[in-house]
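Just below is one structure, and these are the notes that go with it.
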Amino acid sequence: MLSLLMLASGVGLVAATTALWVQGWRRADHRFFAGLISIAVTLSLFSVVAWAATEIAPLPLTWVLVGTLALLFALRLYRELQEPPPGQRSS
């Protein structure tokens, strides 16, 4: 279980590094960048949350709950990072 969480953190680090590299491109798709950042933040944050939750209650339901929360968090972050449509001002 610990190796799975370490792998998730490593994938988050790779996604963050890739996002920084992609940001250097002039014509990089903003949705791709937002997706990479969303993956990086979610995996980094929720690997720690999953570790703490399974230390407290090592049940399969704990994994389902943390996974569901991570997915909802990632989707929300992805939507927030996308550029607004043309003609719509940001608040």
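Residue names in the structure tokens use chain letters A, B, ... in the order shown, residue numbers from 1 in each chain, and ligand numbers from 1 in the order shown.
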Name the residues of chain A that come out as alpha helix (DSSP H) in a backbone DSSP run; write them as a ChimeraX atom specification.
/A:2-23,30-56,60-81
Excluding region 31-34 of chain A and residues on its chain fewer than 4 positions from it, collect all residues at most 8 Å away from it, counting only C-alpha atoms, and give them as number ranges by chain.
A: 19, 22-23, 38, 78, 81-83
Which of A:Leu65, A:Leu59, A:Leu4, A:Ala70 sits closest to Phe46 (chain A) [using only C-alpha atoms]
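Result for the nearest residue to Phe46 (chain A): A:Ala70.
Closest to Gly67 (chain A) among A:Ser9, A:Thr17, A:Ser47, A:Ser3 is A:Ser47, based on only C-alpha atoms.
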Point-to-point distance in Å for CA of Leu20 (chain A) and CA of Ala74 (chain A):
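Computed distance, CA of Ala74 (chain A) to CA of Leu20 (chain A), equals 18.2 Å.
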